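Structure first, then comments.
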Amino acid sequence: MTLLAKSDPPRSLLHHALDVQAMVQQYAMRWPHLAHLAQAPELFEDAALIALWHDLGKAAASFQAILQGRKNETAGSWSHYRHEILSGAIVATLPPSRRRDDLLLAVLTHHLGMNRDAWTERSLYRFAPSQDRAISFPERLAQLEVHWDELLSIIQSLQEQAHQNVHTLWFALPADPTMLPDPFKILEQSVGDTSTSRPNRSRQCGRGVSLKRVYLRGLLVAADHLASAAASEHPANKVDIIASLPQPARVILEDFEFILHRHQVKCARSGSVLLDAPTGSGKTEAALLWAEANQNAQRSRHIFYILPYTASINAMYQRLRARLGDAVSLLHGRSSYFLYRWLCEEGEESYQAMNKARNLRQQTKELYYPIKVLTPHQILTAFLGFKGWEKAWCEYSGGLFILDEIHAYEPQLMGLLFEMLRRLTHQLEARVCVMSATFSAPLRARLRKCLTEPFLVELEPQERDRYTRHRIRVVPGSVQDQMPEILRRLQEGQRVLVVLNTVQGVMAAYQALRDQADNPCLLHGRLTLADRQQAEARLDKHATPSVDLLVGTQAIEVSLDVDFDVLFSDPAPLDALLQRFGRVNRKPLNVLESASLEERFRDAIICQKQWPETWPVYEQGDEVGHRLVQESLSVLTRNELLREGQVRILMDEVYGSKHLEPFFAIAEEKACRLSELIDQLEPGSELDRDESDLLDRMIDAIPIVPVQFQEIHQELLAEKRFFDAQDYTLNISKGRYHALKNNGQIHPLNKHYYGLFHYEPSIGPQFDARIELKVNIL
C-alpha cells in the first residue's frame with residue numbers, strides 16, 4: 001500500500017516530503033543570508049531535514065483512511081487528532097541537544113501554533129498528552145502500528161536522500177511505535193533542564209526570540225504550502241514538480257524612455273535612503289533604481305512597496321506590473337476582490353476568475369512573489385505575532401522596503417512604523433527607501449534615527465525650483481462659493497479637481513457639479529466596492545474619454561497618477577495641500593520648461609472654510625490641527641507662485657518640533673508598546689493580541705451592505721458568488737457603525753451587517769435617509 005500525504009489529487013508521503021525538501025533547497029539558494037543572520041550555519045541543512053520529516057505522522061491508520069475516503073473507519077480513534085504530534089514523536093528520538101529541540105518545535109507547529117496560553121482552535125497545546133483526556137498517548141501512537149513497516153521503508157528512502165545531501169543527523173526508532181516519546185514533554189524538559197541541550201548559538205531578536213527557530217518554522221510552512229500547491233497541478237506520481245521561484249526583472253538606466261534626473265540616479269546606491277523630492281519628479285523610478293542597486297547576487301531580496309490607501313496601491317500594482325511583469329503581487333484587505341474584477345474584465349469566466357483571484361491572494365501571502373505592493377498593516381501584523389509571522393520574517397530579513405508618502409499616516413500608525421523600521425534595519429538587516437515631497441525636519445530626524453543614518457537624497461533649492469508649476473490662491477469662503485469659477489473653468493475645457501475633507505462635502509459638491517461636466521467622477525472611501533472599482537478604472541490615464549471633473553477626499557492625494565488643470569480645495573495642513581497640488585499640472589520637466597507661461601503654471605485655489613454643514617475636521621476639539629491649518633494658509637499667501645525650492649522652508653516653519661510634540665508623543669508611545677510585544681514573541685506560537693490597543697486606527701473599518709441591496713446580496717451568497725456579493729459592500733468607521741446601531745439602523749443577518757439607510761449609486765450613502773427593513777426579505 002502506498003502511504004499518502006495528500007488526497008486531492010493523491011500525492012504519496014514520500015513524494016510530498018521530497019517536494020517540500022526541493023522547495024527548501026530553492027530557499028537555501030535564494031536566501032543564504034538567513035543562516036548568517038541567525039548565526040546558524042546549519043540552518044538550511046536543518047530546514048531540509050524537517051521538510052523530510054514533517055508529515056511522517058500521516059502514516060497513522062485513521063489518517064490514511066481519511067485520505068483514501070474511508071472516513072467511517074476513523075470514528076472514535078482519530079477524533080480530529082493532529083498528525084504533526086506523531087511526526088514530533090519520531091523527531092523527539094533524536095539525541096538530546098538544542099538542535100533537536102529546534103527541529104522538534106518546527107515539526108510540531110507547522111500547522112498550528114503551540115499557543116499554551118490561548119485555548120483556541122489554533123492551539124496545538126490542547127492536543128498535548130497532558131491535556132488529552134479522550135485517548136491515552138500510547139493508544140494515539142498505536143495508530144502507527146498498522147503501517148509501521150511501510151513507514152520505516154519510507155524513512156529509509158528519506159535517509160538515503162538526506163545522506164546524498166550530506167545530512168548527518170538522523171534518529172534511531174524503536175521497533176514498537178508505542179514506545180515513542182511524548183514530544184511536548186521533551187520540549188518542556190529541554191527548557192527546564194539546560195544540561196540536556198547545548199547553549200543556543202542562534203542570534204536573538206529582542207529578548208529571547210531565536211531567529212533560527214523563526215526561520216525554521218517559516219521556511220517549513222512556506223515550503224509545505226507551495227509544494228502542496230504544485231502537487232495539485234501535476235499527476236500523482238510525477239517527480240520534480242517544483243518550479244523555479246519567480247525573480248524580479250532587472251531595472252537598468254537604458255530601460256527608461258526619458259533622461260533620468262540627478263536625484264533619480266543618486267538613489268541607485270547601496271544602503272537605506274531618504275528621498276526628498278517634489279511630486280511629479282519621478283520618485284517611483286528613483287525607488288526602482290534604488291531597489292536594483294540593493295539587490296544581491298541571487299536577485300532574491302524581496303521588494304515591498306508600501307502605500308497608505310487602496311486606490312494608490314491598486315494603481316501602483318498596475319504600474320509596476322506593466323514594467324516588471326508577473327513577479328509583482330498585490331496585498332490589502334480587498335485585494336482578492338479587485339484581482340477578481342480585473343480578471344473578469346480580461347475575459348475570465350466568473351468561477352475561474354474567483355478561484356484564480358483567491359489563489360493569487362494566497363500565493364501573495366506565501367514566500368513566492370518577489371515584489372509586493374501592500375499596506376503597512378500587512379507588514380505590521382507579522383511584528384504582532386499573528387498567524388504566519390515567522391514566514392513573513394523570512395522574506396523581510398534582508399528585504400527592500402519602499403515607503404511612499406509617509407506623511408499620510410496618523411500618529412498611532414506612524415509610531416508603529418518607526419518601531420517596525422527600526423527592527424527591520426537593525427535586527428533583520430533590511431534596507432529602506434522612504435520617499436516624500438513633504439518631509440518636515442522633525443520627521444526626517446526620527447527617520448534617520450530609526451534607519452541608522454540613511455543617505456539623504458534631495459534636490460538643491462535651485463534644482464527644485466525647476467519643478468515650480470503652481471500658482472496659489474487662498475480665497476475667502478468655501479468651495480461652494482467657488483461654483484461659478486468652477487463652471488467657468490469647465491466651460492473653457494479645463495480638467496477640474498475638487499478635493500474636500502469630508503465624504504459628506506464631496507457628495508454634495510459632486511451632485512451640484514456633475515451636470516456641468518462631460519465626464520464627471522467621484523472618489524471617496526464610502527463607495528461600494530463596485531462603484532469604487534469603476535471610478536478607479538475611469539481614472540486610468542489610458543481610459544477614454546478622460547475625466548474632466550474629479551471630486552474626492554484624501555484618497556486622491558497619495559500616489560494616484562492623475563493630472564488635472566486646476567484644483568479647488570478645502571483648507572488642510574500644508575503636507576496634505578502639497579499632495580493635492582501634486583495632482584495638478586504633472587507635466588514632465590522637459591515639457592514643463594518648454595511650455596508657455598500660460599501653460600507652465602496652473603492654479604491651486606484653497607478656500608479658507610470647509611464645505612458648509614460638514615464636520616469641521618481640523619477645528620472641533622483639534623487644537624493642533626486647527627493651528628496647523630491656519631499656519632499653512634498663512635505661509636501660502638506670501639507669494640503667488642509656490643516655488644519648490646521654498647517648500648522645505650515652509651514645511652519646517654509650519655511643522656516645527658514644538659508644533660508636532662503631541663503627534664510624536666503619541667507615536668513614541670505606540671512604538672514602545674510594539675517593541676514590548678515583539679520582545680515577547682515566541683517562535684511556534686501565534687498569540688492573540690488586543691487589537692483595540694495597537695491597531696485602533698488600522699482597523700477602523702467595518703464592511704456593511706445598504707439594505708436596499710440585501711436581497712441580491714443574499715442571493716449571490718447562496719449561489720457562492722462571494723466576490724460578486726462584495727460589489728454591494730462599503731466600509732464605515734467604528735464610530736459610524738455604533739451611531740447607526742444606537743439609532744436602530746444596523747440589521748445583522750448571517751454574519752453580515754445591513755445598513756438601514758439609502759445608498760445613491762455612484763454617489764454614496766445617505767445615513768439620514770432611513771429605510772425600514774422589509775419583513776419577508778430572503
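Residues are referred to by chain and number: the chain letter is A, B, ... according to the order shown in the C-alpha cells, the number counts from 1 in that chain, and ligands are numbered separately from 1 in the order shown.
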
> Can you list, as a PyMOL selection string, every protein, DNA or RNA residue that comes within 9 Å of region 167-172 of chain A when you count only C-alpha atoms, leaving out same-chain residues fewer than 4 positions away?
Replying inline: chain A and resi 45-46+48-49+90-95+159+161-163

Write a file of the selected residues as a short mmCIF file (atom, residue, chain, number, x, y, z; two decimals), in the first residue's frame, keeping N, CA and C atoms.
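Result went into again-v6.cif, see below:
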```
data_model
loop_
_atom_site.label_atom_id
_atom_site.label_comp_id
_atom_site.auth_asym_id
_atom_site.auth_seq_id
_atom_site.Cartn_x
_atom_site.Cartn_y
_atom_site.Cartn_z
N GLU A 45 20.44 23.08 6.30
CA GLU A 45 20.51 21.63 6.47
C GLU A 45 19.36 21.16 7.37
N ASP A 46 19.12 21.89 8.45
CA ASP A 46 18.03 21.54 9.36
C ASP A 46 16.67 21.75 8.70
N ALA A 48 16.01 21.39 5.57
CA ALA A 48 15.81 20.27 4.65
C ALA A 48 15.41 19.00 5.41
N LEU A 49 15.98 18.80 6.60
CA LEU A 49 15.63 17.62 7.39
C LEU A 49 14.18 17.66 7.84
N ILE A 90 8.39 11.08 16.52
CA ILE A 90 9.51 10.45 15.80
C ILE A 90 10.75 11.32 15.89
N VAL A 91 10.59 12.63 15.66
CA VAL A 91 11.72 13.56 15.71
C VAL A 91 12.30 13.62 17.12
N ALA A 92 11.46 13.43 18.13
CA ALA A 92 11.91 13.51 19.52
C ALA A 92 12.89 12.40 19.90
N THR A 93 13.05 11.40 19.03
CA THR A 93 14.01 10.32 19.32
C THR A 93 15.44 10.72 18.95
N LEU A 94 15.63 11.89 18.37
CA LEU A 94 16.99 12.36 18.09
C LEU A 94 17.76 12.53 19.40
N PRO A 95 19.08 12.47 19.35
CA PRO A 95 19.88 12.68 20.57
C PRO A 95 19.59 14.06 21.17
N GLN A 159 16.25 8.81 4.40
CA GLN A 159 17.59 8.88 4.97
C GLN A 159 18.64 8.80 3.86
N GLN A 161 18.20 9.82 0.83
CA GLN A 161 18.14 11.13 0.19
C GLN A 161 18.90 12.17 1.01
N ALA A 162 18.73 12.11 2.34
CA ALA A 162 19.41 13.07 3.21
C ALA A 162 20.92 12.91 3.13
N HIS A 163 21.40 11.66 3.11
CA HIS A 163 22.84 11.43 3.07
C HIS A 163 23.43 11.89 1.74
#
```

>> Report as number ranges by chain all protein, DNA and RNA residues lying within 12 Å of Leu112 (chain A), evaluated on only C-alpha atoms, omitting residues in the same chain fewer than 6 positions from it.
In response: A: 82-85, 105-106, 118-127, 217, 221, 386-388, 683-687

Would you save the residues of that selection, restricted to N, CA and C atoms, as a PDB file, in the first residue's frame?
```pdb
ATOM      1  N   ARG A  82      -4.018  15.343  15.695  1.00  0.00           N
ATOM      2  CA  ARG A  82      -3.057  16.055  14.876  1.00  0.00           C
ATOM      3  C   ARG A  82      -1.905  15.146  14.458  1.00  0.00           C
ATOM      4  N   HIS A  83      -1.738  14.993  13.140  1.00  0.00           N
ATOM      5  CA  HIS A  83      -0.659  14.127  12.645  1.00  0.00           C
ATOM      6  C   HIS A  83       0.719  14.657  13.017  1.00  0.00           C
ATOM      7  N   GLU A  84       0.855  16.009  13.154  1.00  0.00           N
ATOM      8  CA  GLU A  84       2.173  16.574  13.433  1.00  0.00           C
ATOM      9  C   GLU A  84       2.694  16.181  14.821  1.00  0.00           C
ATOM     10  N   ILE A  85       1.786  15.790  15.727  1.00  0.00           N
ATOM     11  CA  ILE A  85       2.234  15.332  17.040  1.00  0.00           C
ATOM     12  C   ILE A  85       2.925  13.974  16.905  1.00  0.00           C
ATOM     13  N   LEU A 105      10.401  21.624  17.496  1.00  0.00           N
ATOM     14  CA  LEU A 105       9.426  22.705  17.588  1.00  0.00           C
ATOM     15  C   LEU A 105       8.858  23.040  16.210  1.00  0.00           C
ATOM     16  N   ALA A 106       9.710  23.098  15.185  1.00  0.00           N
ATOM     17  CA  ALA A 106       9.236  23.425  13.837  1.00  0.00           C
ATOM     18  C   ALA A 106       8.281  22.359  13.309  1.00  0.00           C
ATOM     19  N   ALA A 118      -3.454  30.273  24.989  1.00  0.00           N
ATOM     20  CA  ALA A 118      -4.648  30.644  24.205  1.00  0.00           C
ATOM     21  C   ALA A 118      -5.397  29.379  23.814  1.00  0.00           C
ATOM     22  N   TRP A 119      -6.415  29.036  24.565  1.00  0.00           N
ATOM     23  CA  TRP A 119      -7.161  27.805  24.324  1.00  0.00           C
ATOM     24  C   TRP A 119      -8.145  28.033  23.174  1.00  0.00           C
ATOM     25  N   THR A 120      -7.597  28.064  21.957  1.00  0.00           N
ATOM     26  CA  THR A 120      -8.393  28.358  20.784  1.00  0.00           C
ATOM     27  C   THR A 120      -8.264  27.209  19.797  1.00  0.00           C
ATOM     28  N   GLU A 121      -8.986  27.338  18.688  1.00  0.00           N
ATOM     29  CA  GLU A 121      -8.911  26.307  17.656  1.00  0.00           C
ATOM     30  C   GLU A 121      -7.508  26.192  17.077  1.00  0.00           C
ATOM     31  N   ARG A 122      -6.727  27.259  17.164  1.00  0.00           N
ATOM     32  CA  ARG A 122      -5.370  27.235  16.624  1.00  0.00           C
ATOM     33  C   ARG A 122      -4.331  26.949  17.698  1.00  0.00           C
ATOM     34  N   SER A 123      -4.737  26.295  18.774  1.00  0.00           N
ATOM     35  CA  SER A 123      -3.809  25.930  19.835  1.00  0.00           C
ATOM     36  C   SER A 123      -3.450  24.461  19.720  1.00  0.00           C
ATOM     37  N   LEU A 124      -2.188  24.169  19.431  1.00  0.00           N
ATOM     38  CA  LEU A 124      -1.736  22.775  19.373  1.00  0.00           C
ATOM     39  C   LEU A 124      -1.643  22.188  20.772  1.00  0.00           C
ATOM     40  N   TYR A 125      -1.362  23.020  21.740  1.00  0.00           N
ATOM     41  CA  TYR A 125      -1.119  22.524  23.101  1.00  0.00           C
ATOM     42  C   TYR A 125      -2.337  21.808  23.671  1.00  0.00           C
ATOM     43  N   ARG A 126      -3.527  22.135  23.199  1.00  0.00           N
ATOM     44  CA  ARG A 126      -4.714  21.455  23.734  1.00  0.00           C
ATOM     45  C   ARG A 126      -4.757  19.986  23.327  1.00  0.00           C
ATOM     46  N   PHE A 127      -3.872  19.579  22.364  1.00  0.00           N
ATOM     47  CA  PHE A 127      -3.784  18.165  21.968  1.00  0.00           C
ATOM     48  C   PHE A 127      -2.631  17.450  22.678  1.00  0.00           C
ATOM     49  N   ARG A 217      10.633  27.482  11.276  1.00  0.00           N
ATOM     50  CA  ARG A 217       9.185  27.335  11.141  1.00  0.00           C
ATOM     51  C   ARG A 217       8.677  28.040   9.878  1.00  0.00           C
ATOM     52  N   VAL A 221       6.784  25.984   6.814  1.00  0.00           N
ATOM     53  CA  VAL A 221       5.388  26.290   6.483  1.00  0.00           C
ATOM     54  C   VAL A 221       5.273  26.746   5.032  1.00  0.00           C
ATOM     55  N   PHE A 386       0.889  37.573  14.624  1.00  0.00           N
ATOM     56  CA  PHE A 386      -0.294  36.939  14.060  1.00  0.00           C
ATOM     57  C   PHE A 386       0.101  35.715  13.229  1.00  0.00           C
ATOM     58  N   LYS A 387      -0.883  34.945  12.814  1.00  0.00           N
ATOM     59  CA  LYS A 387      -0.649  33.728  12.048  1.00  0.00           C
ATOM     60  C   LYS A 387       0.303  33.986  10.870  1.00  0.00           C
ATOM     61  N   GLY A 388       1.329  33.146  10.761  1.00  0.00           N
ATOM     62  CA  GLY A 388       2.273  33.237   9.656  1.00  0.00           C
ATOM     63  C   GLY A 388       3.390  34.241   9.855  1.00  0.00           C
ATOM     64  N   PRO A 683       8.736  31.896  18.750  1.00  0.00           N
ATOM     65  CA  PRO A 683       8.595  31.074  17.541  1.00  0.00           C
ATOM     66  C   PRO A 683       7.768  29.827  17.841  1.00  0.00           C
ATOM     67  N   GLY A 684       6.853  29.528  16.958  1.00  0.00           N
ATOM     68  CA  GLY A 684       5.974  28.384  17.176  1.00  0.00           C
ATOM     69  C   GLY A 684       4.676  28.743  17.848  1.00  0.00           C
ATOM     70  N   SER A 685       4.481  30.014  18.204  1.00  0.00           N
ATOM     71  CA  SER A 685       3.227  30.449  18.817  1.00  0.00           C
ATOM     72  C   SER A 685       2.663  31.629  18.051  1.00  0.00           C
ATOM     73  N   GLU A 686       1.338  31.671  17.955  1.00  0.00           N
ATOM     74  CA  GLU A 686       0.627  32.753  17.268  1.00  0.00           C
ATOM     75  C   GLU A 686      -0.317  33.357  18.293  1.00  0.00           C
ATOM     76  N   LEU A 687       0.182  34.297  19.054  1.00  0.00           N
ATOM     77  CA  LEU A 687      -0.592  34.818  20.171  1.00  0.00           C
ATOM     78  C   LEU A 687      -1.619  35.834  19.700  1.00  0.00           C
TER      79      LEU A 687
END
```

>> Using Å and a single decimal, report how far CA of Thr178 (chain A) sits from CA of Asp224 (chain A).
In response: 27.2 Å

Env of Val373 (chain A): 8 Å cut, atoms = only C-alpha atoms, seq-sep filter 2 positions within chain, self excluded. Answer as a short mmCIF file (atom, residue, chain, number, x, y, z; two decimals) with N, CA, C and O atoms, in the first residue's frame.
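Wrote around_11.cif, looks like this:
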```cif
data_model
loop_
_atom_site.label_atom_id
_atom_site.label_comp_id
_atom_site.auth_asym_id
_atom_site.auth_seq_id
_atom_site.Cartn_x
_atom_site.Cartn_y
_atom_site.Cartn_z
N PHE A 304 9.18 45.35 -1.15
CA PHE A 304 7.88 45.68 -0.60
C PHE A 304 7.60 47.17 -0.83
O PHE A 304 8.30 48.02 -0.29
N TYR A 305 6.61 47.44 -1.67
CA TYR A 305 6.25 48.82 -1.99
C TYR A 305 5.01 49.17 -1.16
O TYR A 305 3.93 48.64 -1.39
N ILE A 306 5.19 50.05 -0.17
CA ILE A 306 4.17 50.28 0.85
C ILE A 306 3.49 51.62 0.62
O ILE A 306 4.15 52.66 0.54
N LEU A 307 2.15 51.58 0.54
CA LEU A 307 1.35 52.78 0.33
C LEU A 307 0.18 52.79 1.30
O LEU A 307 -0.27 51.74 1.77
N ILE A 313 -2.61 51.86 -3.98
CA ILE A 313 -2.00 50.54 -4.09
C ILE A 313 -2.42 49.86 -5.38
O ILE A 313 -1.59 49.29 -6.11
N MET A 316 -0.57 51.55 -8.24
CA MET A 316 0.85 51.23 -8.29
C MET A 316 1.07 49.78 -8.72
O MET A 316 2.05 49.48 -9.43
N TYR A 317 0.20 48.88 -8.30
CA TYR A 317 0.29 47.49 -8.73
C TYR A 317 0.23 47.40 -10.25
O TYR A 317 1.06 46.72 -10.88
N VAL A 328 5.15 40.79 -9.82
CA VAL A 328 4.53 41.77 -8.94
C VAL A 328 3.21 41.23 -8.40
O VAL A 328 2.42 40.64 -9.14
N SER A 329 2.97 41.43 -7.10
CA SER A 329 1.72 40.97 -6.49
C SER A 329 1.10 42.09 -5.66
O SER A 329 1.73 43.12 -5.41
N LEU A 330 -0.11 41.86 -5.22
CA LEU A 330 -0.94 42.88 -4.57
C LEU A 330 -1.50 42.32 -3.28
O LEU A 330 -1.97 41.18 -3.23
N LEU A 331 -1.45 43.10 -2.19
CA LEU A 331 -1.97 42.61 -0.92
C LEU A 331 -2.53 43.75 -0.08
O LEU A 331 -1.79 44.62 0.37
N ILE A 371 8.01 40.75 -5.47
CA ILE A 371 7.62 42.16 -5.38
C ILE A 371 6.18 42.22 -4.89
O ILE A 371 5.30 41.63 -5.51
N THR A 375 -0.21 47.45 2.02
CA THR A 375 -0.37 48.44 3.08
C THR A 375 0.61 48.13 4.21
O THR A 375 1.08 46.99 4.35
#
```

>> I need the residue nearest Ser7 (chain A) from this list: A:Met414, A:Leu56, A:Leu500, A:Leu67. Use only C-alpha atoms for the distance.
In response: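 Among A:Met414, A:Leu56, A:Leu500, A:Leu67, it is A:Leu67 that comes nearest to Ser7 (chain A).
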
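Residues of region 517-625 of chain A assigned to strand (DSSP E) by DSSP on this structure's backbone: Pro520, Cys521, Leu522, Leu523, Leu549, Leu550, Val551, Gly552, Val566, Leu567, Phe568, Ser569, Arg602, Asp603, Ala604, Ile605, Ile606 and Cys607 of chain A.
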
Generate a file of the selected residues that holds C-alpha atoms, formatted as a PDB file, in the first residue's frame.
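Result file is result.pdb:
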```pdb
ATOM      1  CA  PRO A 520     -17.533  63.655 -14.037  1.00  0.00           C
ATOM      2  CA  CYS A 521     -16.144  61.196 -11.474  1.00  0.00           C
ATOM      3  CA  LEU A 522     -16.492  60.815  -7.710  1.00  0.00           C
ATOM      4  CA  LEU A 523     -13.998  59.027  -5.436  1.00  0.00           C
ATOM      5  CA  LEU A 549     -14.209  66.705 -13.249  1.00  0.00           C
ATOM      6  CA  LEU A 550     -12.941  64.671 -10.297  1.00  0.00           C
ATOM      7  CA  VAL A 551     -14.407  65.273  -6.845  1.00  0.00           C
ATOM      8  CA  GLY A 552     -12.901  63.333  -3.955  1.00  0.00           C
ATOM      9  CA  VAL A 566      -6.846  73.334 -11.705  1.00  0.00           C
ATOM     10  CA  LEU A 567      -7.506  72.492  -8.063  1.00  0.00           C
ATOM     11  CA  PHE A 568     -10.226  73.708  -5.694  1.00  0.00           C
ATOM     12  CA  SER A 569      -9.633  72.538  -2.133  1.00  0.00           C
ATOM     13  CA  ARG A 602      -1.645  76.159 -13.089  1.00  0.00           C
ATOM     14  CA  ASP A 603      -3.919  77.395 -10.328  1.00  0.00           C
ATOM     15  CA  ALA A 604      -4.401  75.751  -6.938  1.00  0.00           C
ATOM     16  CA  ILE A 605      -7.240  77.521  -5.129  1.00  0.00           C
ATOM     17  CA  ILE A 606      -7.559  76.868  -1.386  1.00  0.00           C
ATOM     18  CA  CYS A 607     -10.649  78.045   0.422  1.00  0.00           C
TER      19      CYS A 607
END
```

>> Please report the interatomic distance between CA of Leu513 (chain A) and CA of Leu642 (chain A) in Å with one decimal.
In response: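 Spanning CA of Leu513 (chain A) to CA of Leu642 (chain A) is a straight-line distance of 28.0 Å.
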
>> For the alpha helix (DSSP H) assignment from backbone DSSP, which residues of region 441-596 of chain A qualify? Please present them as a PyMOL selection string.
In response: chain A and resi 441-450+461-465+483-491+503-513+529-538+574-581+589-594

> If you measure from CA of Asp575 (chain A) to CA of Ser436 (chain A), what distance in Å do you get, rounded to one decimal?
Replying inline: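 Separating CA of Asp575 (chain A) from CA of Ser436 (chain A) is a distance of 9.7 Å.
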